[in-house]
file run_6.cif (mmCIF, C-alpha atoms and all ligand atoms)
data_work
loop_
_atom_site.label_atom_id
_atom_site.label_comp_id
_atom_site.auth_asym_id
_atom_site.auth_seq_id
_atom_site.Cartn_x
_atom_site.Cartn_y
_atom_site.Cartn_z
CA MET A 13 -26.85 -32.16 -109.64
CA LYS A 14 -29.28 -34.99 -110.38
CA LEU A 15 -29.25 -38.43 -108.84
CA TYR A 16 -31.04 -41.25 -110.65
CA SER A 17 -32.16 -43.28 -107.71
CA PHE A 18 -34.48 -46.00 -106.45
CA TRP A 19 -35.59 -45.83 -102.83
CA ARG A 20 -34.48 -49.32 -101.80
CA SER A 21 -31.39 -49.59 -104.02
CA LEU A 22 -28.47 -50.02 -101.67
CA ALA A 23 -25.92 -48.66 -104.13
CA THR A 24 -28.01 -45.48 -104.34
CA PHE A 25 -28.39 -45.45 -100.55
CA ARG A 26 -24.57 -45.16 -100.39
CA VAL A 27 -24.56 -42.09 -102.62
CA ARG A 28 -27.38 -40.46 -100.67
CA ILE A 29 -25.36 -40.83 -97.45
CA ALA A 30 -22.31 -39.26 -99.11
CA LEU A 31 -24.36 -36.33 -100.46
CA ASN A 32 -25.83 -35.76 -97.00
CA LEU A 33 -22.44 -35.91 -95.28
CA LYS A 34 -21.12 -33.34 -97.75
CA GLY A 35 -24.24 -31.18 -97.50
CA ILE A 36 -24.69 -31.33 -101.28
CA ALA A 37 -28.24 -31.05 -102.62
CA ALA A 38 -29.23 -33.22 -105.57
CA GLU A 39 -32.52 -33.61 -107.37
CA LEU A 40 -33.67 -37.22 -107.02
CA ILE A 41 -35.07 -38.84 -110.15
CA SER A 42 -36.73 -42.17 -109.49
CA VAL A 43 -35.87 -45.13 -111.72
CA HIS A 44 -38.30 -47.89 -110.75
CA LEU A 45 -36.36 -51.15 -110.79
CA VAL A 46 -39.44 -53.38 -110.92
CA ARG A 47 -42.33 -51.51 -112.57
CA GLY A 48 -42.87 -52.28 -116.26
CA GLY A 49 -40.13 -54.91 -116.21
CA GLY A 50 -37.62 -52.38 -114.85
CA GLU A 51 -37.15 -48.76 -115.98
CA GLN A 52 -33.38 -49.25 -115.68
CA TYR A 53 -33.45 -51.45 -118.79
CA GLY A 54 -35.20 -48.81 -120.97
CA ASP A 55 -33.34 -47.05 -123.79
CA THR A 56 -33.73 -43.61 -122.19
CA TYR A 57 -31.99 -44.62 -118.98
CA LYS A 58 -29.39 -46.79 -120.74
CA ARG A 59 -28.25 -43.79 -122.74
CA LEU A 60 -27.13 -42.35 -119.39
CA ASN A 61 -25.92 -45.62 -117.91
CA PRO A 62 -25.31 -48.45 -120.41
CA GLN A 63 -25.12 -50.96 -117.54
CA GLY A 64 -28.79 -50.37 -116.72
CA LEU A 65 -28.00 -50.01 -113.03
CA VAL A 66 -28.70 -47.25 -110.53
CA PRO A 67 -27.31 -44.93 -109.33
CA THR A 68 -26.23 -42.42 -111.94
CA LEU A 69 -25.17 -38.93 -110.91
CA VAL A 70 -25.42 -36.16 -113.48
CA HIS A 71 -23.32 -33.09 -112.75
CA ASP A 72 -22.81 -30.22 -115.17
CA GLY A 73 -24.14 -32.46 -117.95
CA HIS A 74 -21.75 -35.34 -117.20
CA ALA A 75 -23.19 -38.72 -116.23
CA ILE A 76 -21.25 -40.77 -113.69
CA GLY A 77 -22.16 -44.37 -112.87
CA GLN A 78 -20.90 -46.72 -110.14
CA SER A 79 -21.56 -45.66 -106.56
CA LEU A 80 -17.93 -45.82 -105.42
CA ALA A 81 -16.77 -43.70 -108.38
CA ILE A 82 -19.54 -41.20 -107.65
CA ILE A 83 -18.65 -41.01 -103.96
CA GLU A 84 -14.95 -40.49 -104.67
CA TYR A 85 -15.93 -37.80 -107.21
CA LEU A 86 -18.03 -36.04 -104.56
CA ASP A 87 -15.10 -36.31 -102.14
CA GLU A 88 -12.82 -34.68 -104.71
CA ILE A 89 -15.10 -31.77 -105.63
CA GLU A 90 -16.13 -31.17 -102.00
CA PRO A 91 -13.24 -32.34 -99.79
CA GLU A 92 -14.90 -31.57 -96.43
CA PRO A 93 -15.62 -33.68 -94.50
CA PRO A 94 -13.22 -36.24 -96.02
CA LEU A 95 -14.64 -39.69 -96.72
CA LEU A 96 -11.21 -41.30 -96.92
CA PRO A 97 -8.41 -40.87 -94.36
CA ARG A 98 -5.20 -39.17 -95.51
CA GLU A 99 -2.64 -41.80 -94.59
CA PRO A 100 -2.08 -44.49 -97.30
CA LEU A 101 -2.47 -47.54 -95.05
CA ALA A 102 -5.62 -46.10 -93.52
CA ARG A 103 -7.01 -45.32 -97.00
CA ALA A 104 -6.30 -48.89 -98.06
CA ARG A 105 -8.09 -50.24 -94.99
CA VAL A 106 -11.18 -48.12 -95.67
CA ARG A 107 -11.20 -49.10 -99.37
CA ARG A 108 -10.73 -52.73 -98.40
CA ILE A 109 -13.83 -52.67 -96.18
CA ALA A 110 -15.84 -50.79 -98.82
CA THR A 111 -14.92 -53.23 -101.59
CA MET A 112 -15.47 -56.31 -99.42
CA ILE A 113 -19.08 -55.13 -99.44
CA ALA A 114 -19.46 -53.41 -102.81
CA CYS A 115 -17.49 -55.92 -104.89
CA ASP A 116 -17.81 -59.23 -103.05
CA ILE A 117 -21.19 -59.19 -101.31
CA HIS A 118 -23.56 -56.90 -103.14
CA PRO A 119 -23.09 -58.03 -106.79
CA LEU A 120 -24.08 -61.61 -105.95
CA ASN A 121 -27.38 -60.40 -104.54
CA ASN A 122 -28.35 -57.91 -107.19
CA LEU A 123 -31.78 -58.00 -108.79
CA ARG A 124 -30.52 -59.04 -112.22
CA VAL A 125 -28.61 -61.97 -110.69
CA LEU A 126 -31.70 -63.12 -108.79
CA LEU A 127 -33.81 -62.82 -111.95
CA TYR A 128 -31.24 -64.87 -113.88
CA LEU A 129 -31.28 -67.58 -111.21
CA ARG A 130 -35.06 -67.71 -111.49
CA ASP A 131 -35.50 -67.38 -115.26
CA SER A 132 -32.58 -69.47 -116.52
CA PHE A 133 -32.18 -72.05 -113.76
CA GLY A 134 -35.71 -72.25 -112.33
CA ILE A 135 -34.55 -71.33 -108.81
CA GLU A 136 -37.59 -70.15 -106.88
CA GLU A 137 -38.11 -68.80 -103.38
CA PRO A 138 -37.11 -69.66 -100.69
CA SER A 139 -33.91 -70.87 -102.41
CA ARG A 140 -33.10 -67.43 -103.85
CA ALA A 141 -33.41 -65.83 -100.41
CA GLU A 142 -31.15 -68.58 -99.08
CA TRP A 143 -28.61 -67.74 -101.81
CA GLN A 144 -28.64 -64.13 -100.65
CA ARG A 145 -28.29 -65.05 -96.99
CA HIS A 146 -25.38 -67.35 -97.82
CA TRP A 147 -23.29 -64.67 -99.56
CA MET A 148 -24.16 -61.94 -97.09
CA THR A 149 -23.34 -64.17 -94.13
CA LYS A 150 -19.98 -65.17 -95.58
CA GLY A 151 -19.03 -61.58 -96.34
CA LEU A 152 -20.34 -59.99 -93.15
CA ALA A 153 -18.71 -62.65 -90.94
CA ALA A 154 -15.35 -61.82 -92.55
CA LEU A 155 -15.98 -58.13 -92.01
CA GLU A 156 -16.79 -58.65 -88.32
CA ALA A 157 -13.53 -60.62 -87.95
CA LEU A 158 -11.61 -57.78 -89.56
CA LEU A 159 -13.18 -55.02 -87.49
CA ALA A 160 -13.64 -56.62 -84.06
CA ASN A 161 -10.65 -56.01 -81.79
CA SER A 162 -8.84 -53.92 -84.42
CA PRO A 163 -7.28 -50.84 -82.82
CA GLU A 164 -8.23 -48.87 -85.93
CA THR A 165 -11.94 -49.55 -85.48
CA GLY A 166 -13.61 -46.76 -83.56
CA THR A 167 -17.19 -45.64 -83.23
CA TYR A 168 -17.14 -46.05 -87.03
CA CYS A 169 -15.38 -48.69 -89.16
CA HIS A 170 -12.23 -46.60 -89.20
CA GLY A 171 -11.80 -44.20 -86.30
CA ASP A 172 -14.49 -41.91 -85.02
CA THR A 173 -15.67 -40.21 -88.19
CA PRO A 174 -17.71 -41.69 -91.04
CA THR A 175 -15.86 -42.90 -94.12
CA LEU A 176 -16.58 -44.74 -97.35
CA ALA A 177 -16.52 -47.96 -95.30
CA ASP A 178 -19.53 -46.94 -93.19
CA ILE A 179 -21.27 -45.64 -96.30
CA CYS A 180 -21.09 -49.20 -97.65
CA LEU A 181 -21.77 -51.02 -94.38
CA VAL A 182 -25.04 -49.39 -93.34
CA PRO A 183 -26.94 -50.06 -96.62
CA GLN A 184 -25.62 -53.63 -96.73
CA LEU A 185 -27.00 -54.32 -93.24
CA PHE A 186 -30.31 -52.83 -94.34
CA ASN A 187 -30.37 -55.36 -97.19
CA ALA A 188 -29.35 -58.20 -94.90
CA ARG A 189 -32.34 -57.46 -92.68
CA ARG A 190 -34.66 -57.51 -95.69
CA VAL A 191 -33.79 -61.16 -96.29
CA GLU A 192 -33.75 -61.97 -92.57
CA VAL A 193 -30.06 -62.57 -92.09
CA ASP A 194 -29.34 -63.09 -88.39
CA LEU A 195 -27.06 -60.18 -87.47
CA SER A 196 -26.55 -61.21 -83.84
CA PRO A 197 -23.12 -62.85 -84.46
CA TRP A 198 -21.70 -59.48 -85.58
CA PRO A 199 -21.91 -57.03 -82.66
CA THR A 200 -19.22 -54.72 -84.04
CA LEU A 201 -21.10 -54.22 -87.31
CA THR A 202 -24.43 -53.55 -85.61
CA ARG A 203 -22.81 -51.22 -83.05
CA ILE A 204 -21.38 -49.11 -85.89
CA GLU A 205 -24.70 -49.19 -87.73
CA THR A 206 -26.62 -47.96 -84.65
CA HIS A 207 -24.10 -45.18 -84.15
CA ALA A 208 -24.26 -44.09 -87.81
CA LEU A 209 -28.05 -44.19 -88.01
CA ALA A 210 -28.29 -41.88 -85.01
CA THR A 211 -26.83 -39.12 -87.23
CA PRO A 212 -28.98 -37.09 -89.66
CA ALA A 213 -26.84 -37.87 -92.75
CA PHE A 214 -27.36 -41.61 -92.47
CA GLU A 215 -30.91 -41.44 -91.16
CA ALA A 216 -32.17 -39.15 -93.91
CA ALA A 217 -30.70 -41.49 -96.54
CA LEU A 218 -32.72 -44.50 -95.34
CA PRO A 219 -34.99 -46.00 -98.01
CA LYS A 220 -38.15 -45.28 -95.99
CA ASN A 221 -37.29 -41.56 -96.00
CA GLN A 222 -37.13 -41.24 -99.80
CA PRO A 223 -39.83 -39.49 -101.84
CA ASP A 224 -40.36 -42.60 -104.00
CA ALA A 225 -40.61 -44.99 -101.01
CA GLU A 226 -43.50 -47.46 -101.31
N1 LIG A 301 -21.47 -51.63 -108.64
C1 LIG A 301 -22.64 -50.84 -108.87
C2 LIG A 301 -23.87 -51.65 -108.57
C3 LIG A 301 -25.13 -50.95 -108.96
C4 LIG A 301 -26.32 -51.86 -108.77
O1 LIG A 301 -26.18 -53.07 -108.74
N2 LIG A 301 -27.51 -51.28 -108.64
C5 LIG A 301 -28.69 -52.07 -108.46
C6 LIG A 301 -29.54 -51.52 -107.35
S1 LIG A 301 -28.71 -51.56 -105.81
C7 LIG A 301 -29.50 -52.09 -109.73
O2 LIG A 301 -29.60 -51.09 -110.40
N3 LIG A 301 -30.10 -53.24 -110.05
C8 LIG A 301 -30.95 -53.36 -111.18
C9 LIG A 301 -30.91 -54.71 -111.78
O3 LIG A 301 -30.19 -55.59 -111.29
O4 LIG A 301 -31.63 -54.87 -112.76
C10 LIG A 301 -22.60 -49.56 -108.03
O5 LIG A 301 -21.98 -49.61 -106.97
O6 LIG A 301 -23.15 -48.53 -108.42
#

call {"tool": "encode", "arguments": {"input": "run_6.cif", "output": "structure tokens"}}
result
Amino acid sequence: MKLYSFWRSLATFRVRIALNLKGIAAELISVHLVRGGGEQYGDTYKRLNPQGLVPTLVHDGHAIGQSLAIIEYLDEIEPEPPLLPREPLARARVRRIATMIACDIHPLNNLRVLLYLRDSFGIEEPSRAEWQRHWMTKGLAALEALLANSPETGTYCHGDTPTLADICLVPQLFNARRVEVDLSPWPTLTRIETHALATPAFEAALPKNQPDAE
């Protein structure tokens, strides 16, 4: 298995956590998102992933893009430990949390969006960082409201074992810190993050622990 990865890509961070939880080894191949205008936009990489986004997982010669699709694939080929609960309502809750982050927060803060704001609309720093803080704050505040006081929330987002929801939450909080979002209004989110990062699967997946970390 090969994972096309960039150390501080949060979508790749998700997949690294899932691989670690499953105990699956993958060769990491670095795709530098900034150097040379971005290796993700080169023809070689786009043959694997026409979106020009990381991550891409290659398994048995098949390329799979989109972190959530990759993680569900890993969960299907290696069912233990499960990353989704069995019961349909519980599965929906976990997928809801994951997609609140992966579909409604992260895409607005992606590199190509920030470059477009700068290059086509002349939006410079600190306004672009403010844009990021705005969308992260809106999304994370909603997530805190959903999780706080919910009987289904445990030491993790859903119960006491890690799921796809935590796999999305921890990298998103890492990104929020990078742009200095104030996390203090969301004690449930940071409690879950602290708990997760105390485990080897989450800790080893941190950007600073990657071979291509700068
Ligand atoms: N929905 C995709 C998002 C992938 C994505 O946005 N990756 C970012 C890094 S976290 C990327 O490759 N950005 C490069 C760019 O915007 O040029 C997934 O979950 O895999």

call {"tool": "residues_near_ligand", "arguments": {"input": "run_6.cif", "ligand": "ligand LIG 301 (chain A)", "cutoff": "6 Å", "atoms": "all atoms listed in the file", "output": "PyMOL selection string"}}
result
chain A and resi 21-23+45+65-67+78-80+122-124

call {"tool": "atom_distance", "arguments": {"input": "run_6.cif", "atom1": "CA of Leu60 in chain A", "atom2": "CA of Ala225 in chain A"}}
result
22.9 Å

call {"tool": "closest_residue", "arguments": {"input": "run_6.cif", "among": "A:Asn121, A:Gln52, A:Glu226, A:Leu181", "to": "Leu209 in chain A", "atoms": "all atoms listed in the file"}}
result
A:Leu181

call {"tool": "atom_distance", "arguments": {"input": "run_6.cif", "atom1": "CA of Gln63 in chain A", "atom2": "CA of Met112 in chain A"}}
result
21.2 Å

call {"tool": "residues_around", "arguments": {"input": "run_6.cif", "residues": "Ala213 in chain A", "least_positions_apart": "5", "cutoff": "8 Å", "atoms": "all atoms listed in the file", "output": "PyMOL selection string"}}
result
chain A and resi 29-30+32-33

call {"tool": "build_atoms", "arguments": {"input": "run_6.cif", "residues": "range 35-47 of chain A", "atoms": "N, CA and C atoms", "output": "PDB file, keeping the file's coordinate frame"}}
result
ATOM      1  N   GLY A  35     -23.311 -32.315 -97.438  1.00  0.00           N
ATOM      2  CA  GLY A  35     -24.240 -31.180 -97.500  1.00  0.00           C
ATOM      3  C   GLY A  35     -24.494 -30.729 -98.925  1.00  0.00           C
ATOM      4  N   ILE A  36     -24.445 -31.668 -99.877  1.00  0.00           N
ATOM      5  CA  ILE A  36     -24.690 -31.330-101.280  1.00  0.00           C
ATOM      6  C   ILE A  36     -26.135 -31.713-101.624  1.00  0.00           C
ATOM      7  N   ALA A  37     -26.853 -30.768-102.225  1.00  0.00           N
ATOM      8  CA  ALA A  37     -28.240 -31.050-102.620  1.00  0.00           C
ATOM      9  C   ALA A  37     -28.251 -31.639-104.025  1.00  0.00           C
ATOM     10  N   ALA A  38     -29.070 -32.648-104.229  1.00  0.00           N
ATOM     11  CA  ALA A  38     -29.230 -33.220-105.570  1.00  0.00           C
ATOM     12  C   ALA A  38     -30.708 -33.496-105.790  1.00  0.00           C
ATOM     13  N   GLU A  39     -31.133 -33.261-107.025  1.00  0.00           N
ATOM     14  CA  GLU A  39     -32.520 -33.610-107.370  1.00  0.00           C
ATOM     15  C   GLU A  39     -32.583 -35.123-107.561  1.00  0.00           C
ATOM     16  N   LEU A  40     -33.537 -35.767-106.891  1.00  0.00           N
ATOM     17  CA  LEU A  40     -33.670 -37.220-107.020  1.00  0.00           C
ATOM     18  C   LEU A  40     -34.637 -37.542-108.147  1.00  0.00           C
ATOM     19  N   ILE A  41     -34.189 -38.396-109.065  1.00  0.00           N
ATOM     20  CA  ILE A  41     -35.070 -38.840-110.150  1.00  0.00           C
ATOM     21  C   ILE A  41     -35.241 -40.341-109.991  1.00  0.00           C
ATOM     22  N   SER A  42     -36.485 -40.755-109.792  1.00  0.00           N
ATOM     23  CA  SER A  42     -36.730 -42.170-109.490  1.00  0.00           C
ATOM     24  C   SER A  42     -36.661 -43.022-110.756  1.00  0.00           C
ATOM     25  N   VAL A  43     -35.923 -44.120-110.649  1.00  0.00           N
ATOM     26  CA  VAL A  43     -35.870 -45.130-111.720  1.00  0.00           C
ATOM     27  C   VAL A  43     -36.434 -46.391-111.063  1.00  0.00           C
ATOM     28  N   HIS A  44     -37.654 -46.756-111.438  1.00  0.00           N
ATOM     29  CA  HIS A  44     -38.300 -47.890-110.750  1.00  0.00           C
ATOM     30  C   HIS A  44     -37.714 -49.200-111.268  1.00  0.00           C
ATOM     31  N   LEU A  45     -37.103 -49.947-110.359  1.00  0.00           N
ATOM     32  CA  LEU A  45     -36.360 -51.150-110.790  1.00  0.00           C
ATOM     33  C   LEU A  45     -37.273 -52.342-111.093  1.00  0.00           C
ATOM     34  N   VAL A  46     -38.546 -52.217-110.739  1.00  0.00           N
ATOM     35  CA  VAL A  46     -39.440 -53.380-110.920  1.00  0.00           C
ATOM     36  C   VAL A  46     -40.563 -53.062-111.910  1.00  0.00           C
ATOM     37  N   ARG A  47     -41.148 -51.869-111.770  1.00  0.00           N
ATOM     38  CA  ARG A  47     -42.330 -51.510-112.570  1.00  0.00           C
ATOM     39  C   ARG A  47     -42.028 -51.632-114.083  1.00  0.00           C
TER      40      ARG A  47
END
